[in-house]
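Here's the structure, in structure tokens; my notes come after.
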Amino acid sequence: MDQGTFTYEAAGQALIIHLPREVDHHNCLTLKYETDLLLAENYIRRMVFDFSGTEFMDSSGIGILLNRYKQMAGSGGSVSIYGAGTRIRRILQIGGVYRLVRQCETREEAVYGKQGR
Amino acid sequence: MENRGAEKTWMRLQIESRSSNEEFARVTAAVFLSRMNPTVEEMEDVKTAVSEAVTNCVIHGYRERPGIIYIEAEIEGREFTVRVRDEGAGIADVRKAMEPMYTSDPTGERSGMGFSFMEAFMDEVKVESEPGRGTLVTMKKRIGGTAREAAQERKAGTGNEGIGGIAYG
């Protein structure tokens with residue numbers, strides 16, 4: 001599997017986005033187009049980011065999370081994440097993402113847990 | 001502490017300004033840094049900071065058009081310095097560009113936190129820029145926390161007084 005691309009998975013009304021090993025500007029270039037398309041064609045109430053395969057992230061990752069949050073919040077939806085290791089958690093913390101995005105310990109919690117933060 | 005004769009070593013790298021080179025740039029900087037025997041965290045800090053600076057060159061300096069990014073790194077004693085330079089658009093108002101959450105990017109996909117990340121992960125960040133001439137970002141980081149440093153110097157017995165290590169607490 002190409003380690004530099006996003007893979008998408010539907011789970012009920014949630015869209016799970018499996019992030020690549022390295023989340024940087026280059027690897028994020030296709031995300032907006034792809035998620036816009038998926039959001040237009042499916043009824044999605046929650047967007048879930050899976051960080052379990054991610055080892056590196058810079059502020060590009062913060063940008064895509066904040067933008068997806070705005071997108072989802074605009075239609076009453078929410079964003080959650082799971083699988084983040086120590087380094088990624090630190091990046092998310094510095095990026096101020098935890099005010100807007102719910103961090104979950106498991107995939108089940110991220111996908112089916114209660115709405116909101 | 002500063003008695004190791006501060007040996008100096010450096011590297012210079014020129015790369016094409018394209019997003020696929022961002023990973024190459026940060027990994028190369030990290031490999032060079034590894035000579036300083038950094039912790040995993042210090043290594044990741046430098047990778048993140050270099051990634052931010054190079055991404056700025058690609059997006060803002062050269063506006064996704066062709067150009068050359070110049071990267072220089074230097075090790076002197078325990079100090080790591082990296083300079084990332086472009087000959088692109090330059091920044092009219094550096095102070096504003098460095099404000100957290102400020103971005104001139106129209107796509108909405110950028111967080112505006114590039115400089116904040118550089119400042120969070122490095123000890124010192126200096127930005128020099130001139131519109132139309134380009135931008136130079138100089139970042140410094142001291143590698144090796146004090147406790148670890150003391151332990152290592154003790155073990156190595158690097159004191160230049162020639163009496164070997166002195167065991168402090």
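Identifiers for the structure tokens are assigned positionally: chains receive A, B, ... in sequence, residues are indexed from 1 per chain, and ligands are indexed from 1 in the order shown.
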
Please identify every residue of chain B that has at least one atom no more than 12 Å from any atom of chain A, counting only C-alpha atoms, and report them as a PDB file with N, CA and C atoms, in the first residue's frame.
```pdb
ATOM      1  N   SER B  17      12.406  23.464  -5.553  1.00  0.00           N
ATOM      2  CA  SER B  17      11.247  23.810  -4.750  1.00  0.00           C
ATOM      3  C   SER B  17      10.037  23.037  -5.253  1.00  0.00           C
ATOM      4  N   ARG B  18       9.778  21.927  -4.620  1.00  0.00           N
ATOM      5  CA  ARG B  18       8.565  21.173  -4.926  1.00  0.00           C
ATOM      6  C   ARG B  18       8.168  20.396  -3.675  1.00  0.00           C
ATOM      7  N   SER B  19       6.865  20.207  -3.522  1.00  0.00           N
ATOM      8  CA  SER B  19       6.381  19.648  -2.255  1.00  0.00           C
ATOM      9  C   SER B  19       6.942  18.262  -1.972  1.00  0.00           C
ATOM     10  N   SER B  20       7.236  17.505  -3.040  1.00  0.00           N
ATOM     11  CA  SER B  20       7.759  16.151  -2.807  1.00  0.00           C
ATOM     12  C   SER B  20       9.153  16.181  -2.174  1.00  0.00           C
ATOM     13  N   ASN B  21       9.815  17.342  -2.167  1.00  0.00           N
ATOM     14  CA  ASN B  21      11.138  17.442  -1.545  1.00  0.00           C
ATOM     15  C   ASN B  21      11.085  17.799  -0.062  1.00  0.00           C
ATOM     16  N   GLU B  22       9.895  18.086   0.467  1.00  0.00           N
ATOM     17  CA  GLU B  22       9.796  18.473   1.875  1.00  0.00           C
ATOM     18  C   GLU B  22      10.293  17.353   2.789  1.00  0.00           C
ATOM     19  N   GLU B  23       9.897  16.138   2.462  1.00  0.00           N
ATOM     20  CA  GLU B  23      10.329  14.999   3.278  1.00  0.00           C
ATOM     21  C   GLU B  23      11.839  14.797   3.163  1.00  0.00           C
ATOM     22  N   PHE B  24      12.344  14.885   1.935  1.00  0.00           N
ATOM     23  CA  PHE B  24      13.786  14.724   1.717  1.00  0.00           C
ATOM     24  C   PHE B  24      14.578  15.724   2.551  1.00  0.00           C
ATOM     25  N   ARG B  26      13.701  17.402   5.368  1.00  0.00           N
ATOM     26  CA  ARG B  26      13.683  17.216   6.827  1.00  0.00           C
ATOM     27  C   ARG B  26      14.436  15.956   7.246  1.00  0.00           C
ATOM     28  N   VAL B  27      14.368  14.909   6.399  1.00  0.00           N
ATOM     29  CA  VAL B  27      15.081  13.674   6.733  1.00  0.00           C
ATOM     30  C   VAL B  27      16.590  13.899   6.643  1.00  0.00           C
ATOM     31  N   VAL B  40      15.250  11.104  20.506  1.00  0.00           N
ATOM     32  CA  VAL B  40      14.238  10.969  19.450  1.00  0.00           C
ATOM     33  C   VAL B  40      13.408  12.251  19.377  1.00  0.00           C
ATOM     34  N   GLU B  41      13.115  12.814  20.538  1.00  0.00           N
ATOM     35  CA  GLU B  41      12.293  14.021  20.575  1.00  0.00           C
ATOM     36  C   GLU B  41      13.001  15.203  19.911  1.00  0.00           C
ATOM     37  N   GLU B  42      14.283  15.354  20.205  1.00  0.00           N
ATOM     38  CA  GLU B  42      15.044  16.449  19.585  1.00  0.00           C
ATOM     39  C   GLU B  42      15.093  16.281  18.066  1.00  0.00           C
ATOM     40  N   MET B  43      15.240  15.033  17.650  1.00  0.00           N
ATOM     41  CA  MET B  43      15.280  14.725  16.226  1.00  0.00           C
ATOM     42  C   MET B  43      13.947  15.103  15.568  1.00  0.00           C
ATOM     43  N   GLU B  44      12.850  14.729  16.204  1.00  0.00           N
ATOM     44  CA  GLU B  44      11.520  15.038  15.667  1.00  0.00           C
ATOM     45  C   GLU B  44      11.265  16.544  15.660  1.00  0.00           C
ATOM     46  N   ASP B  45      11.757  17.231  16.681  1.00  0.00           N
ATOM     47  CA  ASP B  45      11.596  18.686  16.750  1.00  0.00           C
ATOM     48  C   ASP B  45      12.249  19.349  15.534  1.00  0.00           C
ATOM     49  N   VAL B  46      13.469  18.933  15.238  1.00  0.00           N
ATOM     50  CA  VAL B  46      14.201  19.519  14.113  1.00  0.00           C
ATOM     51  C   VAL B  46      13.518  19.159  12.794  1.00  0.00           C
ATOM     52  N   LYS B  47      13.076  17.905  12.673  1.00  0.00           N
ATOM     53  CA  LYS B  47      12.376  17.506  11.448  1.00  0.00           C
ATOM     54  C   LYS B  47      11.141  18.371  11.209  1.00  0.00           C
ATOM     55  N   THR B  48      10.390  18.597  12.281  1.00  0.00           N
ATOM     56  CA  THR B  48       9.172  19.396  12.142  1.00  0.00           C
ATOM     57  C   THR B  48       9.507  20.829  11.742  1.00  0.00           C
ATOM     58  N   ALA B  49      10.490  21.420  12.414  1.00  0.00           N
ATOM     59  CA  ALA B  49      10.847  22.816  12.134  1.00  0.00           C
ATOM     60  C   ALA B  49      11.348  22.984  10.697  1.00  0.00           C
ATOM     61  N   VAL B  50      12.196  22.054  10.245  1.00  0.00           N
ATOM     62  CA  VAL B  50      12.719  22.138   8.874  1.00  0.00           C
ATOM     63  C   VAL B  50      11.585  21.944   7.867  1.00  0.00           C
ATOM     64  N   SER B  51      10.684  21.036   8.182  1.00  0.00           N
ATOM     65  CA  SER B  51       9.538  20.810   7.306  1.00  0.00           C
ATOM     66  C   SER B  51       8.705  22.089   7.142  1.00  0.00           C
ATOM     67  N   GLU B  52       8.513  22.792   8.251  1.00  0.00           N
ATOM     68  CA  GLU B  52       7.748  24.045   8.207  1.00  0.00           C
ATOM     69  C   GLU B  52       8.439  25.085   7.322  1.00  0.00           C
ATOM     70  N   ALA B  53       9.748  25.231   7.526  1.00  0.00           N
ATOM     71  CA  ALA B  53      10.495  26.263   6.791  1.00  0.00           C
ATOM     72  C   ALA B  53      10.512  25.956   5.288  1.00  0.00           C
ATOM     73  N   VAL B  54      10.742  24.689   4.944  1.00  0.00           N
ATOM     74  CA  VAL B  54      10.806  24.305   3.530  1.00  0.00           C
ATOM     75  C   VAL B  54       9.420  24.424   2.880  1.00  0.00           C
ATOM     76  N   THR B  55       8.396  24.056   3.616  1.00  0.00           N
ATOM     77  CA  THR B  55       7.029  24.190   3.093  1.00  0.00           C
ATOM     78  C   THR B  55       6.719  25.653   2.789  1.00  0.00           C
ATOM     79  N   ASN B  56       7.172  26.548   3.659  1.00  0.00           N
ATOM     80  CA  ASN B  56       6.985  27.984   3.410  1.00  0.00           C
ATOM     81  C   ASN B  56       7.642  28.421   2.097  1.00  0.00           C
ATOM     82  N   CYS B  57       8.849  27.900   1.849  1.00  0.00           N
ATOM     83  CA  CYS B  57       9.538  28.242   0.590  1.00  0.00           C
ATOM     84  C   CYS B  57       8.706  27.786  -0.610  1.00  0.00           C
ATOM     85  N   VAL B  58       8.173  26.564  -0.522  1.00  0.00           N
ATOM     86  CA  VAL B  58       7.426  25.988  -1.646  1.00  0.00           C
ATOM     87  C   VAL B  58       6.126  26.766  -1.887  1.00  0.00           C
ATOM     88  N   ILE B  59       5.393  27.006  -0.812  1.00  0.00           N
ATOM     89  CA  ILE B  59       4.069  27.637  -0.958  1.00  0.00           C
ATOM     90  C   ILE B  59       4.170  29.154  -1.138  1.00  0.00           C
ATOM     91  N   GLU B  64       4.592  27.770  -5.446  1.00  0.00           N
ATOM     92  CA  GLU B  64       4.423  26.503  -6.176  1.00  0.00           C
ATOM     93  C   GLU B  64       5.068  26.530  -7.565  1.00  0.00           C
ATOM     94  N   PRO B 100       0.627  33.816  15.175  1.00  0.00           N
ATOM     95  CA  PRO B 100      -0.055  32.528  15.118  1.00  0.00           C
ATOM     96  C   PRO B 100      -1.388  32.660  14.377  1.00  0.00           C
ATOM     97  N   MET B 101      -1.702  31.688  13.570  1.00  0.00           N
ATOM     98  CA  MET B 101      -2.952  31.610  12.813  1.00  0.00           C
ATOM     99  C   MET B 101      -3.029  32.566  11.623  1.00  0.00           C
ATOM    100  N   TYR B 102      -2.020  33.409  11.440  1.00  0.00           N
ATOM    101  CA  TYR B 102      -2.074  34.260  10.256  1.00  0.00           C
ATOM    102  C   TYR B 102      -1.585  33.472   9.050  1.00  0.00           C
ATOM    103  N   THR B 103      -2.362  33.482   7.976  1.00  0.00           N
ATOM    104  CA  THR B 103      -1.872  32.902   6.734  1.00  0.00           C
ATOM    105  C   THR B 103      -2.352  33.718   5.548  1.00  0.00           C
ATOM    106  N   ASP B 105      -2.455  32.216   2.714  1.00  0.00           N
ATOM    107  CA  ASP B 105      -2.868  31.160   1.797  1.00  0.00           C
ATOM    108  C   ASP B 105      -4.384  31.186   1.593  1.00  0.00           C
ATOM    109  N   THR B 107      -6.382  28.877   0.199  1.00  0.00           N
ATOM    110  CA  THR B 107      -7.103  27.596   0.087  1.00  0.00           C
ATOM    111  C   THR B 107      -7.885  27.221   1.340  1.00  0.00           C
ATOM    112  N   GLY B 108      -7.513  27.808   2.487  1.00  0.00           N
ATOM    113  CA  GLY B 108      -8.184  27.440   3.730  1.00  0.00           C
ATOM    114  C   GLY B 108      -7.610  26.183   4.355  1.00  0.00           C
ATOM    115  N   GLU B 109      -6.677  25.559   3.671  1.00  0.00           N
ATOM    116  CA  GLU B 109      -6.118  24.311   4.183  1.00  0.00           C
ATOM    117  C   GLU B 109      -4.899  24.520   5.080  1.00  0.00           C
ATOM    118  N   ARG B 110      -4.403  25.756   5.108  1.00  0.00           N
ATOM    119  CA  ARG B 110      -3.210  26.021   5.904  1.00  0.00           C
ATOM    120  C   ARG B 110      -3.582  26.615   7.260  1.00  0.00           C
ATOM    121  N   SER B 111      -2.881  26.183   8.295  1.00  0.00           N
ATOM    122  CA  SER B 111      -3.245  26.596   9.647  1.00  0.00           C
ATOM    123  C   SER B 111      -2.677  27.963  10.028  1.00  0.00           C
ATOM    124  N   GLY B 112      -1.656  28.417   9.322  1.00  0.00           N
ATOM    125  CA  GLY B 112      -1.018  29.676   9.709  1.00  0.00           C
ATOM    126  C   GLY B 112      -0.129  29.501  10.932  1.00  0.00           C
ATOM    127  N   MET B 113       0.282  28.258  11.191  1.00  0.00           N
ATOM    128  CA  MET B 113       1.064  27.995  12.391  1.00  0.00           C
ATOM    129  C   MET B 113       2.502  27.576  12.108  1.00  0.00           C
ATOM    130  N   GLY B 114       2.925  27.751  10.876  1.00  0.00           N
ATOM    131  CA  GLY B 114       4.281  27.336  10.500  1.00  0.00           C
ATOM    132  C   GLY B 114       5.362  27.951  11.375  1.00  0.00           C
ATOM    133  N   PHE B 115       5.364  29.293  11.484  1.00  0.00           N
ATOM    134  CA  PHE B 115       6.390  29.949  12.300  1.00  0.00           C
ATOM    135  C   PHE B 115       6.217  29.618  13.784  1.00  0.00           C
ATOM    136  N   SER B 116       4.955  29.493  14.230  1.00  0.00           N
ATOM    137  CA  SER B 116       4.722  29.130  15.639  1.00  0.00           C
ATOM    138  C   SER B 116       5.325  27.764  15.938  1.00  0.00           C
ATOM    139  N   PHE B 117       5.208  26.843  14.988  1.00  0.00           N
ATOM    140  CA  PHE B 117       5.787  25.513  15.180  1.00  0.00           C
ATOM    141  C   PHE B 117       7.312  25.595  15.226  1.00  0.00           C
ATOM    142  N   MET B 118       7.891  26.400  14.328  1.00  0.00           N
ATOM    143  CA  MET B 118       9.353  26.544  14.354  1.00  0.00           C
ATOM    144  C   MET B 118       9.782  27.072  15.721  1.00  0.00           C
ATOM    145  N   GLU B 119       9.050  28.061  16.229  1.00  0.00           N
ATOM    146  CA  GLU B 119       9.407  28.644  17.519  1.00  0.00           C
ATOM    147  C   GLU B 119       9.173  27.673  18.669  1.00  0.00           C
ATOM    148  N   ALA B 120       8.150  26.817  18.512  1.00  0.00           N
ATOM    149  CA  ALA B 120       7.855  25.850  19.576  1.00  0.00           C
ATOM    150  C   ALA B 120       8.931  24.769  19.666  1.00  0.00           C
ATOM    151  N   PHE B 121       9.524  24.424  18.540  1.00  0.00           N
ATOM    152  CA  PHE B 121      10.432  23.270  18.531  1.00  0.00           C
ATOM    153  C   PHE B 121      11.917  23.620  18.500  1.00  0.00           C
TER     154      PHE B 121
END
```

DSSP helix (DSSP H, G or I) selection over region 23-169 of chain B, as an MDAnalysis selection string: chainID B and resid 23:36 40:61 94:97 114:121 146:156

Report the residues of region 3-116 of chain A whose backbone DSSP state falls under strand (DSSP E or B), written as a ChimeraX atom specification. /A:7-11,14-18,22-23,46-50,56-57,78-82,102-104

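Here CA of Glu74 (chain B) and CA of Tyr62 (chain B) stand 24.9 Å from one another.
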
Can you tell me, as a PyMOL selection string, what residues are no more than 8 Å from Glu16 (chain B) when counting only C-alpha atoms, ignoring any on the same chain fewer than 2 positions away? chain B and resi 14+18+21+66-69

For the selection you just gave me, I'd like the residues written to a file as a PDB file, in the first residue's frame, keeping N, CA and C atoms.
```
ATOM      1  N   GLN B  14      21.136  21.937  -1.883  1.00  0.00           N
ATOM      2  CA  GLN B  14      20.249  22.717  -2.759  1.00  0.00           C
ATOM      3  C   GLN B  14      19.218  21.759  -3.316  1.00  0.00           C
ATOM      4  N   ARG B  18       9.778  21.927  -4.620  1.00  0.00           N
ATOM      5  CA  ARG B  18       8.565  21.173  -4.926  1.00  0.00           C
ATOM      6  C   ARG B  18       8.168  20.396  -3.675  1.00  0.00           C
ATOM      7  N   ASN B  21       9.815  17.342  -2.167  1.00  0.00           N
ATOM      8  CA  ASN B  21      11.138  17.442  -1.545  1.00  0.00           C
ATOM      9  C   ASN B  21      11.085  17.799  -0.062  1.00  0.00           C
ATOM     10  N   PRO B  66       8.734  26.859 -10.010  1.00  0.00           N
ATOM     11  CA  PRO B  66      10.094  26.348  -9.848  1.00  0.00           C
ATOM     12  C   PRO B  66      11.028  27.346  -9.153  1.00  0.00           C
ATOM     13  N   GLY B  67      11.970  26.816  -8.405  1.00  0.00           N
ATOM     14  CA  GLY B  67      12.948  27.643  -7.715  1.00  0.00           C
ATOM     15  C   GLY B  67      13.905  26.721  -6.978  1.00  0.00           C
ATOM     16  N   ILE B  68      14.891  27.326  -6.340  1.00  0.00           N
ATOM     17  CA  ILE B  68      15.854  26.509  -5.590  1.00  0.00           C
ATOM     18  C   ILE B  68      15.759  26.867  -4.109  1.00  0.00           C
ATOM     19  N   ILE B  69      15.719  25.844  -3.288  1.00  0.00           N
ATOM     20  CA  ILE B  69      15.739  26.043  -1.836  1.00  0.00           C
ATOM     21  C   ILE B  69      17.130  25.677  -1.333  1.00  0.00           C
TER      22      ILE B  69
END
```

Can you pull out every residue within 8 Å of Arg85 (chain B), counting only C-alpha atoms, but drop anything in the same chain fewer than 4 positions away, and send it as an MDAnalysis selection string? chainID B and resid 57 69:71 134:137

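Interatomic distance, CA of Phe80 (chain B) against CA of Pro20 (chain A): 29.2 Å.
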
Excluding Tyr82 (chain A) and any residue of its chain fewer than 4 positions from it, enumerate the residues within 8 Å of it, using only C-alpha atoms, and give them as JSON, numbers by chain. {"A": [48, 49, 50, 51, 52, 103, 104, 105, 106, 107, 110]}

Would you mind exporting the chosen residues as a PDB file, in the first residue's frame, restricted to C-alpha atoms?
```
ATOM      1  CA  VAL A  48     -12.966  10.398  12.060  1.00  0.00           C
ATOM      2  CA  PHE A  49      -9.206  10.703  11.641  1.00  0.00           C
ATOM      3  CA  ASP A  50      -7.165   7.574  12.247  1.00  0.00           C
ATOM      4  CA  PHE A  51      -3.625   8.475  13.337  1.00  0.00           C
ATOM      5  CA  SER A  52      -2.539   4.930  14.195  1.00  0.00           C
ATOM      6  CA  GLN A 103      -9.694  12.619  21.025  1.00  0.00           C
ATOM      7  CA  CYS A 104     -10.729   9.004  21.505  1.00  0.00           C
ATOM      8  CA  GLU A 105      -8.843   5.973  22.729  1.00  0.00           C
ATOM      9  CA  THR A 106     -10.471   3.510  20.348  1.00  0.00           C
ATOM     10  CA  ARG A 107     -11.901   3.412  16.869  1.00  0.00           C
ATOM     11  CA  ALA A 110     -14.367   7.704  17.726  1.00  0.00           C
TER      12      ALA A 110
END
```

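The spacing separating CA of Asp36 (chain A) from CA of Tyr69 (chain A) amounts to 12.8 Å.
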
Skip region 9-18 of chain A itself and residues of its chain fewer than 6 positions away, then list as a PyMOL selection string all residues within 9 Å of it, counting only C-alpha atoms. chain A and resi 35+38-39+42-54+111-112
